[in-house]
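For reference, protein29.txt (compact mmCIF, C-alpha atoms and all ligand atoms):
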```txt
# COMPACT_ATOMS: atom_id res chain seq x y z
CA MET A 1 -57.73 31.16 165.96
CA ALA A 2 -59.67 29.95 169.02
CA ASN A 3 -62.81 31.85 169.83
CA ILE A 4 -65.37 31.88 172.58
CA ASN A 5 -67.55 29.29 170.81
CA ASP A 6 -64.71 26.74 171.05
CA TYR A 7 -64.88 27.19 174.82
CA LYS A 8 -68.59 26.53 174.81
CA LYS A 9 -68.16 23.46 172.61
CA ASN A 10 -65.81 21.58 174.95
CA ILE A 11 -66.21 22.91 178.47
CA ILE A 12 -68.99 21.89 180.90
CA PRO A 13 -71.21 24.97 181.35
CA PHE A 14 -70.70 25.58 185.08
CA TYR A 15 -69.64 29.14 184.28
CA LYS A 16 -70.98 31.88 182.06
CA PRO A 17 -67.71 33.64 181.34
CA ALA A 18 -67.20 37.07 179.79
CA ASN A 19 -67.32 37.25 176.05
CA PHE A 20 -63.56 37.70 175.44
CA ILE A 21 -60.46 35.55 175.70
CA VAL A 22 -57.83 36.91 178.06
CA ASN A 23 -54.31 36.82 176.68
CA LYS A 24 -52.03 38.53 179.19
CA ALA A 25 -52.03 40.68 182.29
CA LYS A 26 -49.72 42.94 184.28
CA GLY A 27 -50.43 44.60 187.62
CA SER A 28 -54.09 45.66 187.48
CA LEU A 29 -54.33 45.62 183.70
CA VAL A 30 -55.52 42.77 181.48
CA TRP A 31 -55.40 42.43 177.69
CA ASP A 32 -57.61 40.24 175.52
CA LYS A 33 -56.65 38.43 172.29
CA ASN A 34 -57.48 41.54 170.28
CA ASN A 35 -55.14 43.55 172.51
CA LYS A 36 -58.05 45.42 174.06
CA LYS A 37 -57.10 46.67 177.54
CA TYR A 38 -59.19 46.21 180.72
CA ILE A 39 -58.78 47.66 184.20
CA ASP A 40 -59.08 44.77 186.64
CA PHE A 41 -61.22 45.38 189.74
CA THR A 42 -61.48 41.59 190.35
CA ALA A 43 -57.92 40.21 190.84
CA GLY A 44 -59.26 36.77 189.90
CA ILE A 45 -61.80 36.53 192.69
CA ALA A 46 -59.71 38.31 195.32
CA VAL A 47 -56.64 36.22 194.47
CA THR A 48 -53.88 38.13 192.65
CA ASN A 49 -53.49 40.50 195.60
CA LEU A 50 -50.01 41.59 194.49
CA GLY A 51 -51.09 42.16 190.91
CA HIS A 52 -50.83 40.00 187.81
CA ASN A 53 -47.45 38.82 186.63
CA ASN A 54 -45.71 40.18 189.72
CA LYS A 55 -41.97 40.39 188.93
CA GLU A 56 -40.68 39.13 192.28
CA LEU A 57 -43.10 36.21 192.34
CA VAL A 58 -42.40 35.23 188.73
CA LYS A 59 -38.67 35.14 189.56
CA ILE A 60 -39.27 32.85 192.54
CA MET A 61 -41.54 30.57 190.53
CA ASN A 62 -38.98 30.27 187.73
CA GLU A 63 -36.11 29.56 190.11
CA GLN A 64 -38.05 26.98 192.11
CA SER A 65 -39.37 25.24 188.99
CA LYS A 66 -35.78 24.60 187.90
CA LYS A 67 -34.84 23.15 191.31
CA LEU A 68 -37.82 21.01 192.31
CA TRP A 69 -41.24 20.95 190.71
CA HIS A 70 -43.15 18.26 192.63
CA LEU A 71 -42.73 15.63 195.29
CA SER A 72 -45.48 13.96 197.29
CA PRO A 73 -46.08 15.05 200.90
CA LEU A 74 -44.24 11.85 201.85
CA TYR A 75 -41.02 13.77 201.21
CA VAL A 76 -40.06 17.06 202.79
CA ASN A 77 -39.33 20.19 200.75
CA GLN A 78 -37.71 23.34 202.13
CA PRO A 79 -40.27 25.92 200.80
CA ALA A 80 -43.09 24.10 202.69
CA ILE A 81 -41.07 24.31 205.92
CA ASP A 82 -40.34 28.00 205.30
CA LEU A 83 -43.97 28.90 204.58
CA SER A 84 -45.29 26.97 207.58
CA LYS A 85 -42.75 28.71 209.86
CA LYS A 86 -43.80 32.14 208.64
CA LEU A 87 -47.52 31.42 208.97
CA CYS A 88 -47.03 30.16 212.54
CA LYS A 89 -44.79 33.07 213.49
CA ASN A 90 -47.35 35.63 212.32
CA THR A 91 -50.58 34.06 213.64
CA PHE A 92 -52.29 32.31 216.59
CA ALA A 93 -51.29 28.95 215.11
CA ASN A 94 -48.42 26.56 215.59
CA LYS A 95 -49.51 23.89 213.10
CA VAL A 96 -50.30 24.08 209.37
CA TYR A 97 -51.77 21.67 206.84
CA PHE A 98 -51.41 22.46 203.14
CA CYS A 99 -53.93 21.51 200.47
CA ASN A 100 -54.94 22.96 197.09
CA SER A 101 -58.00 25.20 197.30
CA GLY A 102 -60.42 27.02 199.54
CA ALA A 103 -63.11 24.35 199.51
CA GLU A 104 -60.52 21.74 200.32
CA SER A 105 -59.31 23.82 203.26
CA VAL A 106 -62.92 23.95 204.56
CA GLU A 107 -63.23 20.19 204.05
CA SER A 108 -59.99 19.70 206.00
CA ALA A 109 -61.10 22.04 208.81
CA ILE A 110 -64.35 20.12 209.32
CA LYS A 111 -62.52 16.78 209.31
CA VAL A 112 -59.91 18.04 211.78
CA ALA A 113 -62.62 19.46 214.08
CA ARG A 114 -64.63 16.23 214.07
CA LYS A 115 -61.54 14.08 214.55
CA TYR A 116 -60.49 16.21 217.50
CA THR A 117 -63.84 16.44 219.30
CA SER A 118 -64.72 12.80 218.65
CA SER A 119 -61.55 11.85 220.50
CA PHE A 120 -63.30 12.72 223.78
CA ASN A 121 -66.98 12.21 222.78
CA LYS A 122 -67.85 9.97 219.81
CA LYS A 123 -71.10 11.86 219.22
CA LYS A 124 -69.47 15.31 219.20
CA SER A 125 -69.74 15.83 215.45
CA GLU A 126 -72.34 18.56 214.85
CA ILE A 127 -71.34 21.69 212.98
CA ILE A 128 -73.06 25.08 213.23
CA SER A 129 -72.93 27.32 210.15
CA PHE A 130 -74.64 30.56 209.10
CA THR A 131 -77.00 31.91 206.46
CA SER A 132 -75.62 33.85 203.47
CA SER A 133 -72.26 32.14 203.98
CA PHE A 134 -70.05 30.73 201.25
CA HIS A 135 -67.51 27.98 201.84
CA GLY A 136 -66.92 26.55 198.37
CA ARG A 137 -68.45 23.90 196.12
CA THR A 138 -67.64 20.50 197.61
CA MET A 139 -70.50 18.54 199.17
CA THR A 140 -69.37 19.62 202.64
CA SER A 141 -69.02 23.27 201.63
CA ILE A 142 -72.44 23.51 199.98
CA SER A 143 -74.03 21.70 202.92
CA LEU A 144 -72.59 24.35 205.24
CA ALA A 145 -73.85 27.29 203.16
CA ASN A 146 -77.11 25.49 202.36
CA SER A 147 -78.47 28.09 199.95
CA LYS A 148 -80.67 26.94 197.09
CA ASP A 149 -78.41 28.33 194.35
CA LEU A 150 -75.61 26.06 195.61
CA THR A 151 -77.45 22.89 196.63
CA GLU A 152 -80.17 22.35 194.02
CA GLY A 153 -79.75 18.94 192.38
CA PHE A 154 -77.03 17.77 194.76
CA ALA A 155 -79.01 16.18 197.60
CA PRO A 156 -78.49 14.40 199.93
CA LEU A 157 -76.36 16.93 201.76
CA LEU A 158 -73.91 16.21 204.57
CA LYS A 159 -75.57 15.25 207.86
CA GLY A 160 -74.97 16.92 211.21
CA ILE A 161 -75.08 20.57 210.16
CA LYS A 162 -77.34 23.14 211.86
CA GLN A 163 -77.71 26.62 210.45
CA HIS A 164 -78.47 29.93 212.16
CA LYS A 165 -79.01 33.47 210.89
CA TYR A 166 -75.71 35.35 210.51
CA ASN A 167 -75.18 38.08 213.09
CA GLN A 168 -78.23 36.98 215.09
CA VAL A 169 -77.55 36.32 218.76
CA HIS A 170 -81.15 35.46 219.65
CA ASP A 171 -81.71 31.70 219.99
CA LEU A 172 -78.17 30.82 218.92
CA GLU A 173 -77.74 28.75 222.08
CA LYS A 174 -80.63 26.49 220.98
CA LEU A 175 -78.35 25.05 218.28
CA PHE A 176 -75.58 24.15 220.71
CA SER A 177 -75.34 20.94 222.74
CA GLU A 178 -72.72 18.59 224.12
CA ASN A 179 -72.61 17.17 220.57
CA THR A 180 -71.47 20.41 218.93
CA SER A 181 -68.07 19.89 217.38
CA ALA A 182 -67.52 23.31 215.82
CA VAL A 183 -68.94 26.59 214.58
CA ILE A 184 -67.77 27.73 211.15
CA LEU A 185 -68.07 31.34 210.04
CA GLU A 186 -66.66 34.05 207.84
CA LEU A 187 -65.79 37.24 209.71
CA VAL A 188 -66.67 39.11 206.55
CA GLN A 189 -69.27 37.57 204.27
CA TRP A 190 -69.54 38.43 200.58
CA HIS A 191 -72.14 36.12 199.06
CA ASP A 192 -74.91 38.70 199.54
CA GLY A 193 -72.56 41.69 199.45
CA ILE A 194 -70.06 42.66 202.15
CA ILE A 195 -71.35 41.95 205.69
CA LYS A 196 -69.09 42.11 208.74
CA ALA A 197 -69.63 39.97 211.84
CA ASP A 198 -70.67 42.18 214.71
CA GLN A 199 -69.03 42.08 218.10
CA LYS A 200 -72.10 40.95 220.08
CA PHE A 201 -72.50 37.98 217.74
CA LEU A 202 -68.83 37.02 218.06
CA LYS A 203 -68.96 37.41 221.84
CA GLU A 204 -71.88 34.97 221.97
CA ILE A 205 -70.08 32.51 219.70
CA ARG A 206 -67.06 32.69 222.01
CA ARG A 207 -69.22 32.19 225.11
CA LEU A 208 -71.15 29.23 223.68
CA SER A 209 -68.08 27.55 222.20
CA LYS A 210 -66.42 27.70 225.59
CA LYS A 211 -69.52 26.45 227.42
CA TYR A 212 -70.08 23.50 225.07
CA LYS A 213 -66.35 22.81 224.44
CA SER A 214 -66.71 23.26 220.69
CA LEU A 215 -64.21 24.73 218.24
CA ILE A 216 -64.34 27.97 216.27
CA ILE A 217 -63.43 27.60 212.59
CA VAL A 218 -62.86 30.89 210.80
CA ASP A 219 -63.05 30.72 207.01
CA GLU A 220 -60.54 33.31 205.77
CA VAL A 221 -60.27 31.93 202.25
CA GLN A 222 -61.31 35.29 200.83
CA SER A 223 -60.88 37.69 203.77
CA GLY A 224 -57.28 36.63 204.41
CA ILE A 225 -53.92 37.63 202.92
CA GLY A 226 -54.35 41.37 203.38
CA ARG A 227 -57.76 41.76 201.77
CA THR A 228 -59.33 43.62 204.72
CA GLY A 229 -56.24 45.61 205.75
CA SER A 230 -54.67 43.10 208.17
CA PHE A 231 -52.91 39.89 207.14
CA PHE A 232 -55.89 37.90 208.43
CA ALA A 233 -59.23 39.54 209.25
CA TYR A 234 -59.45 37.83 212.69
CA GLU A 235 -56.73 40.23 213.90
CA GLN A 236 -59.29 43.05 213.71
CA PHE A 237 -62.27 41.15 215.15
CA ASN A 238 -61.10 40.26 218.64
CA ILE A 239 -61.56 36.53 218.13
CA LYS A 240 -59.03 33.69 218.27
CA PRO A 241 -59.86 30.84 215.88
CA ASP A 242 -59.13 27.22 216.75
CA ILE A 243 -58.86 26.46 213.04
CA LEU A 244 -58.44 28.96 210.20
CA CYS A 245 -58.99 28.22 206.50
CA PHE A 246 -56.87 30.04 203.90
CA ALA A 247 -56.34 29.81 200.12
CA LYS A 248 -56.91 32.31 197.25
CA GLY A 249 -54.23 35.02 197.69
CA ILE A 250 -51.65 32.98 199.58
CA ALA A 251 -49.62 32.24 196.41
CA ASN A 252 -51.11 35.09 194.34
CA GLY A 253 -52.96 32.71 192.02
CA PHE A 254 -50.74 29.64 192.10
CA PRO A 255 -53.11 26.98 193.56
CA ILE A 256 -52.65 26.30 197.27
CA GLY A 257 -54.86 26.30 200.34
CA GLY A 258 -54.55 25.15 203.90
CA ILE A 259 -55.54 25.34 207.50
CA LEU A 260 -53.88 26.77 210.56
CA THR A 261 -54.48 25.29 213.99
CA THR A 262 -52.95 24.61 217.37
CA GLU A 263 -50.66 21.96 218.82
CA LYS A 264 -53.47 20.81 221.14
CA ILE A 265 -55.81 20.01 218.22
CA SER A 266 -53.08 18.68 215.98
CA LYS A 267 -52.02 16.13 218.63
CA LYS A 268 -55.27 14.22 218.07
CA MET A 269 -54.59 13.74 214.33
CA SER A 270 -52.86 10.58 213.16
CA TYR A 271 -50.78 9.41 210.19
CA GLY A 272 -52.94 8.64 207.17
CA ALA A 273 -56.10 10.23 208.62
CA HIS A 274 -56.08 12.98 205.97
CA GLY A 275 -53.94 14.10 203.04
CA THR A 276 -53.69 15.14 199.39
CA THR A 277 -51.25 14.47 196.54
CA PHE A 278 -50.37 18.08 195.71
CA GLY A 279 -50.53 19.66 199.19
CA GLY A 280 -47.53 21.76 200.16
CA GLY A 281 -45.86 21.54 196.75
CA PRO A 282 -42.51 23.34 196.48
CA ILE A 283 -43.48 25.92 193.83
CA ALA A 284 -46.71 27.00 195.55
CA CYS A 285 -44.97 27.19 198.92
CA ALA A 286 -41.98 29.13 197.58
CA ILE A 287 -44.33 31.72 196.07
CA GLY A 288 -46.48 31.70 199.23
CA SER A 289 -43.46 32.39 201.38
CA LYS A 290 -42.66 35.56 199.42
CA VAL A 291 -46.33 36.62 199.43
CA VAL A 292 -46.34 36.40 203.25
CA ASP A 293 -43.22 38.62 203.40
CA LEU A 294 -44.67 41.20 201.03
CA ILE A 295 -48.23 41.35 202.36
CA SER A 296 -47.16 41.43 206.03
CA LYS A 297 -45.53 44.81 205.46
CA LYS A 298 -47.24 47.62 207.40
CA LYS A 299 -46.95 49.95 204.42
CA LEU A 300 -48.84 47.56 202.15
CA LEU A 301 -51.57 46.89 204.72
CA ASN A 302 -51.98 50.63 205.45
CA GLY A 303 -52.20 51.13 201.69
CA VAL A 304 -55.23 48.80 201.59
CA ILE A 305 -57.08 51.08 204.02
CA LYS A 306 -56.03 54.21 202.10
CA LYS A 307 -57.15 52.74 198.78
CA GLU A 308 -60.43 51.60 200.33
CA ALA A 309 -61.01 55.22 201.40
CA ILE A 310 -60.36 56.42 197.84
CA PHE A 311 -62.92 53.98 196.44
CA ILE A 312 -65.53 54.85 199.05
CA GLU A 313 -65.03 58.62 198.80
CA LYS A 314 -65.39 58.56 195.02
CA LEU A 315 -68.39 56.22 195.03
CA GLU A 316 -70.14 58.26 197.70
CA ALA A 317 -69.47 61.54 195.87
CA PHE A 318 -71.00 60.04 192.72
CA ASN A 319 -73.97 58.74 194.67
CA LYS A 320 -74.54 62.06 196.39
CA GLU A 321 -74.96 63.64 192.99
CA HIS A 322 -76.90 60.88 191.22
CA ASN A 323 -78.44 58.78 194.00
CA CYS A 324 -78.03 55.47 192.14
CA PHE A 325 -76.85 53.16 194.94
CA GLU A 326 -78.85 52.00 197.89
CA GLU A 327 -75.71 51.12 199.82
CA ILE A 328 -71.94 50.95 199.47
CA LYS A 329 -70.24 48.49 201.85
CA SER A 330 -66.60 47.63 202.30
CA ALA A 331 -63.99 45.76 204.32
CA GLY A 332 -60.60 46.88 203.05
CA LEU A 333 -60.31 46.43 199.29
CA TRP A 334 -63.47 44.37 199.21
CA ILE A 335 -66.37 46.54 198.18
CA SER A 336 -70.00 45.82 197.35
CA ILE A 337 -72.39 48.24 195.69
CA HIS A 338 -76.10 47.64 196.12
CA PHE A 339 -78.88 48.83 193.86
CA ASP A 340 -82.38 49.51 195.13
CA LYS A 341 -84.67 47.32 193.00
CA LYS A 342 -87.65 49.57 193.75
CA ARG A 343 -85.96 52.53 192.12
CA THR A 344 -84.05 50.96 189.29
CA SER A 345 -84.35 48.15 186.82
CA ILE A 346 -80.57 47.78 186.54
CA ASP A 347 -79.73 44.24 185.49
CA VAL A 348 -76.41 43.40 187.13
CA ASP A 349 -75.40 40.99 184.34
CA GLU A 350 -76.05 43.72 181.78
CA LEU A 351 -74.06 46.20 183.88
CA ILE A 352 -71.07 43.83 184.02
CA LYS A 353 -71.27 43.18 180.27
CA LYS A 354 -71.28 46.93 179.54
CA CYS A 355 -68.31 47.41 181.88
CA HIS A 356 -66.41 44.76 179.91
CA GLU A 357 -67.27 46.52 176.65
CA SER A 358 -65.83 49.72 178.10
CA GLY A 359 -62.68 48.04 179.47
CA LEU A 360 -63.45 47.36 183.14
CA MET A 361 -63.65 43.98 184.93
CA ILE A 362 -65.93 43.74 187.98
CA LEU A 363 -67.73 40.90 189.83
CA LYS A 364 -71.34 40.07 190.57
CA ALA A 365 -72.38 39.66 194.22
CA ASN A 366 -76.05 38.79 193.68
CA LYS A 367 -78.99 39.96 191.53
CA THR A 368 -78.91 43.46 193.00
CA SER A 369 -75.26 44.09 193.80
CA VAL A 370 -71.78 44.05 192.32
CA ARG A 371 -68.37 43.58 193.94
CA PHE A 372 -64.88 44.98 193.53
CA SER A 373 -61.86 43.07 194.86
CA PRO A 374 -58.90 44.65 193.08
CA SER A 375 -55.24 43.92 193.67
CA LEU A 376 -54.08 45.38 196.99
CA VAL A 377 -51.48 47.43 195.13
CA ILE A 378 -53.70 48.85 192.38
CA GLU A 379 -52.49 52.29 191.30
CA ASN A 380 -54.67 55.21 192.45
CA SER A 381 -54.88 56.42 188.85
CA LEU A 382 -56.44 53.09 187.81
CA ILE A 383 -58.97 53.32 190.66
CA ASP A 384 -59.92 56.71 189.27
CA ASP A 385 -60.09 55.55 185.63
CA GLY A 386 -62.01 52.37 186.52
CA LEU A 387 -64.58 54.22 188.61
CA LYS A 388 -65.13 56.74 185.81
CA ILE A 389 -66.05 53.83 183.52
CA PHE A 390 -68.23 52.22 186.20
CA ASN A 391 -70.11 55.42 187.07
CA LYS A 392 -70.70 56.23 183.40
CA ILE A 393 -72.20 52.78 182.74
CA VAL A 394 -74.36 52.96 185.90
CA LEU A 395 -75.74 56.34 184.78
CA SER A 396 -76.46 55.05 181.27
CA LEU A 397 -78.47 52.14 182.72
CA PHE A 398 -80.14 53.94 185.62
CA LYS A 399 -83.85 54.48 185.16
C1 LIG B 401 -65.04 32.29 202.10
C2 LIG B 401 -64.72 31.26 201.06
N1 LIG B 401 -64.52 30.00 201.43
C3 LIG B 401 -64.24 29.04 200.54
C4 LIG B 401 -64.17 29.32 199.18
C5 LIG B 401 -63.87 28.23 198.20
O1 LIG B 401 -62.60 28.42 197.66
P1 LIG B 401 -62.18 27.66 196.31
O2 LIG B 401 -62.97 28.27 195.21
O3 LIG B 401 -60.70 27.90 196.20
O4 LIG B 401 -62.49 26.23 196.49
C6 LIG B 401 -64.37 30.62 198.75
C7 LIG B 401 -64.33 30.95 197.32
O5 LIG B 401 -64.78 31.96 196.86
C8 LIG B 401 -64.67 31.63 199.71
O6 LIG B 401 -64.88 32.89 199.36
```

Write-out of the structure in structure tokens:
Amino acid sequence: MANINDYKKNIIPFYKPANFIVNKAKGSLVWDKNNKKYIDFTAGIAVTNLGHNNKELVKIMNEQSKKLWHLSPLYVNQPAIDLSKKLCKNTFANKVYFCNSGAESVESAIKVARKYTSSFNKKKSEIISFTSSFHGRTMTSISLANSKDLTEGFAPLLKGIKQHKYNQVHDLEKLFSENTSAVILELVQWHDGIIKADQKFLKEIRRLSKKYKSLIIVDEVQSGIGRTGSFFAYEQFNIKPDILCFAKGIANGFPIGGILTTEKISKKMSYGAHGTTFGGGPIACAIGSKVVDLISKKKLLNGVIKKEAIFIEKLEAFNKEHNCFEEIKSAGLWISIHFDKKRTSIDVDELIKKCHESGLMILKANKTSVRFSPSLVIENSLIDDGLKIFNKIVLSLFK
């Protein structure tokens, strides 16, 4: 029988995965090869928003796979039309491009922005990005985030990117010029724990983008598809993107990404300027179409806010008694818990390993914080059971 050492033997070590092999999953529960059960507070990495092995989505996938599995984007399939219609009906956008992943959606957004702005000024290609951001692992994405953990060993990075401190208004204008093509930002960052964009910062971005005729790209790869309590986070932040990146939860784990944009921008694109073999495949789009229906429901989105409140109330009650966390931050069902390094020697990797041993899956944010991004429909009883495990492990490690 395969074991974890077989993985290590044949797979390039870009990941340090947990020490068990996952066999099956249902809802917010996961079982390993030894039939040990885990409560899942990760949902992939904020992907299986409607739970693992969702019955309605499995049915759609099976039906579609029998009808049409793959055709290149040179032929039209009905599920891609249906999904694009729904995304345009529910958002600022009236044009969609489908690709395969979050990083590819970011790549596409930057290309579309540059193509558009270069159509009226050849030099208008500069991109402004922000510290502590995350946009994926392609050369463009790591150049935008420009943090050492992502870029070391991969130089030279992409040219024409300027970076500013996230949420800092002061001196932001110094980065803008007539050559600014676009600003790219996440409305909720997660790479250093959950951080929301504040309104003053967004107001300044809006003002400067208007003044310098540059575009606003919002990366909603992780914040989108219900994660923060609205279908896309921009709906809550009083900002209208020119281009929006999506992926992760859109087909609940079946690979697909894309961008949304406007007719005005799309008009400047041309045949053959961009594309990808698998983009807008019929199975991914058929699943995505159902995900949009299910996650757009008011009841589900309100449930995200209610479940967030349950998490926060329980974590705060625990912290009031034991004073283990420096901070608890959240944006919908996206929660980060921060430890104060001056008061504790908690090793986050050790904490995650112990959680696994006790049957709970959680994510690392950085060296001093962990993240939860459970399914948006996780049962309240599992929130309770999972937090009991988490709190117990924290107490056992807290010094
Ligand atoms: C905000 C954001 N953008 C882009 C990406 C990259 O997505 P992918 O891993 O699908 O390439 C991620 C992945 O975590 C993300 O969180």

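Residues in contact range of Glu321 in chain A, defined as at most 12 Å between all atoms listed in the file, with sequence neighbours fewer than 6 positions away removed, read Lys314, Leu315, Asn391 and Leu395 of chain A.
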
Site check for ligand LIG 401 (chain B): residues at most 9 Å away, all atoms listed in the file, as a PDB file with C-alpha atoms, keeping the file's coordinate frame:
```
ATOM      1  CA  ILE A  45     -61.800  36.530 192.690  1.00  0.00           C
ATOM      2  CA  ALA A  46     -59.710  38.310 195.320  1.00  0.00           C
ATOM      3  CA  ASN A 100     -54.940  22.960 197.090  1.00  0.00           C
ATOM      4  CA  SER A 101     -58.000  25.200 197.300  1.00  0.00           C
ATOM      5  CA  GLY A 102     -60.420  27.020 199.540  1.00  0.00           C
ATOM      6  CA  ALA A 103     -63.110  24.350 199.510  1.00  0.00           C
ATOM      7  CA  GLU A 104     -60.520  21.740 200.320  1.00  0.00           C
ATOM      8  CA  SER A 105     -59.310  23.820 203.260  1.00  0.00           C
ATOM      9  CA  VAL A 106     -62.920  23.950 204.560  1.00  0.00           C
ATOM     10  CA  SER A 133     -72.260  32.140 203.980  1.00  0.00           C
ATOM     11  CA  PHE A 134     -70.050  30.730 201.250  1.00  0.00           C
ATOM     12  CA  HIS A 135     -67.510  27.980 201.840  1.00  0.00           C
ATOM     13  CA  GLY A 136     -66.920  26.550 198.370  1.00  0.00           C
ATOM     14  CA  ARG A 137     -68.450  23.900 196.120  1.00  0.00           C
ATOM     15  CA  THR A 138     -67.640  20.500 197.610  1.00  0.00           C
ATOM     16  CA  SER A 141     -69.020  23.270 201.630  1.00  0.00           C
ATOM     17  CA  LEU A 185     -68.070  31.340 210.040  1.00  0.00           C
ATOM     18  CA  GLU A 186     -66.660  34.050 207.840  1.00  0.00           C
ATOM     19  CA  VAL A 188     -66.670  39.110 206.550  1.00  0.00           C
ATOM     20  CA  GLN A 189     -69.270  37.570 204.270  1.00  0.00           C
ATOM     21  CA  TRP A 190     -69.540  38.430 200.580  1.00  0.00           C
ATOM     22  CA  HIS A 191     -72.140  36.120 199.060  1.00  0.00           C
ATOM     23  CA  ASP A 219     -63.050  30.720 207.010  1.00  0.00           C
ATOM     24  CA  GLU A 220     -60.540  33.310 205.770  1.00  0.00           C
ATOM     25  CA  VAL A 221     -60.270  31.930 202.250  1.00  0.00           C
ATOM     26  CA  GLN A 222     -61.310  35.290 200.830  1.00  0.00           C
ATOM     27  CA  SER A 223     -60.880  37.690 203.770  1.00  0.00           C
ATOM     28  CA  CYS A 245     -58.990  28.220 206.500  1.00  0.00           C
ATOM     29  CA  PHE A 246     -56.870  30.040 203.900  1.00  0.00           C
ATOM     30  CA  ALA A 247     -56.340  29.810 200.120  1.00  0.00           C
ATOM     31  CA  LYS A 248     -56.910  32.310 197.250  1.00  0.00           C
ATOM     32  CA  PRO A 255     -53.110  26.980 193.560  1.00  0.00           C
ATOM     33  CA  ILE A 256     -52.650  26.300 197.270  1.00  0.00           C
ATOM     34  CA  GLY A 257     -54.860  26.300 200.340  1.00  0.00           C
TER      35      GLY A 257
END
```

Tell me which protein, DNA and RNA residues are within 12 Å of Ser396 in chain A, counting only C-alpha atoms, leaving out same-chain ones fewer than 6 positions away, and put them as a ChimeraX atom specification. /A:322,324,344-346,350-351,354-355,389-390

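Distances here use only C-alpha atoms; by that measure, the residue among A:Phe201, A:Tyr166, A:Phe176, A:Phe98 closest to Phe130 in chain A is A:Tyr166.
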
As a ChimeraX atom specification, please: the residues near Ile81 in chain A (cut-off 9 Å, all atoms listed in the file, same-chain neighbours under 5 positions excluded). /A:76,86,285

Missing atoms of range 202-216 of chain A rebuilt to N, CA and C atoms, written as a PDB file, in the frame of the given file:
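Saved result, rebuild_20.pdb, follows:
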```
ATOM      1  N   LEU A 202     -70.080  37.750 217.829  1.00  0.00           N
ATOM      2  CA  LEU A 202     -68.830  37.020 218.060  1.00  0.00           C
ATOM      3  C   LEU A 202     -68.645  36.693 219.544  1.00  0.00           C
ATOM      4  N   LYS A 203     -69.071  37.628 220.398  1.00  0.00           N
ATOM      5  CA  LYS A 203     -68.960  37.410 221.840  1.00  0.00           C
ATOM      6  C   LYS A 203     -69.806  36.187 222.240  1.00  0.00           C
ATOM      7  N   GLU A 204     -70.993  36.104 221.666  1.00  0.00           N
ATOM      8  CA  GLU A 204     -71.880  34.970 221.970  1.00  0.00           C
ATOM      9  C   GLU A 204     -71.292  33.660 221.435  1.00  0.00           C
ATOM     10  N   ILE A 205     -70.724  33.712 220.251  1.00  0.00           N
ATOM     11  CA  ILE A 205     -70.080  32.510 219.700  1.00  0.00           C
ATOM     12  C   ILE A 205     -68.944  32.062 220.618  1.00  0.00           C
ATOM     13  N   ARG A 206     -68.172  33.028 221.086  1.00  0.00           N
ATOM     14  CA  ARG A 206     -67.060  32.690 222.010  1.00  0.00           C
ATOM     15  C   ARG A 206     -67.595  32.055 223.292  1.00  0.00           C
ATOM     16  N   ARG A 207     -68.644  32.679 223.845  1.00  0.00           N
ATOM     17  CA  ARG A 207     -69.220  32.190 225.110  1.00  0.00           C
ATOM     18  C   ARG A 207     -69.746  30.752 224.941  1.00  0.00           C
ATOM     19  N   LEU A 208     -70.516  30.547 223.879  1.00  0.00           N
ATOM     20  CA  LEU A 208     -71.150  29.230 223.680  1.00  0.00           C
ATOM     21  C   LEU A 208     -70.114  28.157 223.333  1.00  0.00           C
ATOM     22  N   SER A 209     -69.124  28.532 222.565  1.00  0.00           N
ATOM     23  CA  SER A 209     -68.080  27.550 222.200  1.00  0.00           C
ATOM     24  C   SER A 209     -67.333  27.100 223.439  1.00  0.00           C
ATOM     25  N   LYS A 210     -67.110  28.041 224.342  1.00  0.00           N
ATOM     26  CA  LYS A 210     -66.420  27.700 225.590  1.00  0.00           C
ATOM     27  C   LYS A 210     -67.322  26.785 226.444  1.00  0.00           C
ATOM     28  N   LYS A 211     -68.582  27.205 226.576  1.00  0.00           N
ATOM     29  CA  LYS A 211     -69.520  26.450 227.420  1.00  0.00           C
ATOM     30  C   LYS A 211     -69.699  25.012 226.935  1.00  0.00           C
ATOM     31  N   TYR A 212     -69.795  24.838 225.621  1.00  0.00           N
ATOM     32  CA  TYR A 212     -70.080  23.500 225.070  1.00  0.00           C
ATOM     33  C   TYR A 212     -68.804  22.808 224.539  1.00  0.00           C
ATOM     34  N   LYS A 213     -67.657  23.397 224.840  1.00  0.00           N
ATOM     35  CA  LYS A 213     -66.350  22.810 224.440  1.00  0.00           C
ATOM     36  C   LYS A 213     -66.318  22.487 222.935  1.00  0.00           C
ATOM     37  N   SER A 214     -66.769  23.466 222.143  1.00  0.00           N
ATOM     38  CA  SER A 214     -66.710  23.260 220.690  1.00  0.00           C
ATOM     39  C   SER A 214     -65.694  24.236 220.085  1.00  0.00           C
ATOM     40  N   LEU A 215     -65.273  23.946 218.872  1.00  0.00           N
ATOM     41  CA  LEU A 215     -64.210  24.730 218.240  1.00  0.00           C
ATOM     42  C   LEU A 215     -64.774  25.859 217.395  1.00  0.00           C
ATOM     43  N   ILE A 216     -63.951  26.875 217.173  1.00  0.00           N
ATOM     44  CA  ILE A 216     -64.340  27.970 216.270  1.00  0.00           C
ATOM     45  C   ILE A 216     -63.465  27.856 215.011  1.00  0.00           C
TER      46      ILE A 216
END
```
